[in-house]
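To start, the structure itself, in structure tokens.
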Amino acid sequence: MIVEKCRMRLFPLPLFALLVPAPALAQAAAPECAVRVQFGSYAMGIDRPAFERVRALLARDRGVRAVEQQHWGREGETTLCVRTRRPSDARRLFGRVQAALPAKPRGPITVEARGGLRFEAPRPQEH
């Protein structure tokens, strides 16, 4: 009888996990990024010098509250999630990061900031 009561009490928790979609759980746990810098790869690793240059730039900037690294690929692909002290710091950091990137990086690099700002290196080919 006691075992049955325990089972009944534990049952709703797993059921709840099945009812909530996984993307909703991931979004709830994801930090709010004022600036996001994504370092991709063309099957030969990311542009490590550009990555280190951006990390150093963010480490020195007083407008940066925190930088979280999210590794997602087999070849070093990484996304930097930058949280800023003030909302106005996002636009300024976007410009600084964009200026620090090479015109032709070893792999694709995407910079996004609040307000819809987006930059890709290398630039996408226009048709």
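A note on labels: chains of the structure tokens are A, B, ... as shown, every chain counts residues from 1, and ligands are counted from 1 in their shown order.
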At most 7 Å is the cut-off: for each residue in segment 30-61 of chain A with any atom that close to an atom of segment 82-90 of chain A, write down the nearest atom pair and the distance in Å rounded to one decimal, counting only C-alpha atoms, chain first then increasing number, as JSON lines.
{"residue": "A:Glu32", "atom": "CA", "partner": "A:Arg83", "partner_atom": "CA", "distance": 6.9}
{"residue": "A:Cys33", "atom": "CA", "partner": "A:Arg83", "partner_atom": "CA", "distance": 5.3}
{"residue": "A:Ala34", "atom": "CA", "partner": "A:Arg83", "partner_atom": "CA", "distance": 5.3}
{"residue": "A:Val35", "atom": "CA", "partner": "A:Val82", "partner_atom": "CA", "distance": 5.1}
{"residue": "A:Arg36", "atom": "CA", "partner": "A:Val82", "partner_atom": "CA", "distance": 6.1}
Export C-alpha atoms of the chosen residues as an mmCIF file, in the first residue's frame?
data_model
loop_
_atom_site.group_PDB
_atom_site.id
_atom_site.type_symbol
_atom_site.label_atom_id
_atom_site.label_comp_id
_atom_site.auth_asym_id
_atom_site.auth_seq_id
_atom_site.Cartn_x
_atom_site.Cartn_y
_atom_site.Cartn_z
ATOM 1 C CA GLU A 32 19.403 36.390 -22.507
ATOM 2 C CA CYS A 33 22.195 37.310 -24.927
ATOM 3 C CA ALA A 34 22.574 40.969 -25.820
ATOM 4 C CA VAL A 35 25.219 39.968 -28.376
ATOM 5 C CA ARG A 36 25.748 36.489 -29.809
#
Neighbour list for Trp72 of chain A as a ChimeraX atom specification, cut-off 12 Å, only C-alpha atoms, skip fewer than 6 positions in-chain: /A:38-41,46,78-80
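Atom CA of Arg96 of chain A to atom CA of Glu77 of chain A spans 21.2 Å [interatomic distance, one decimal].
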Closest of A:Arg74, A:Arg48, A:Arg118, A:Arg62 to Gln98 of chain A - atom-to-atom distances counting only C-alpha atoms: A:Arg118
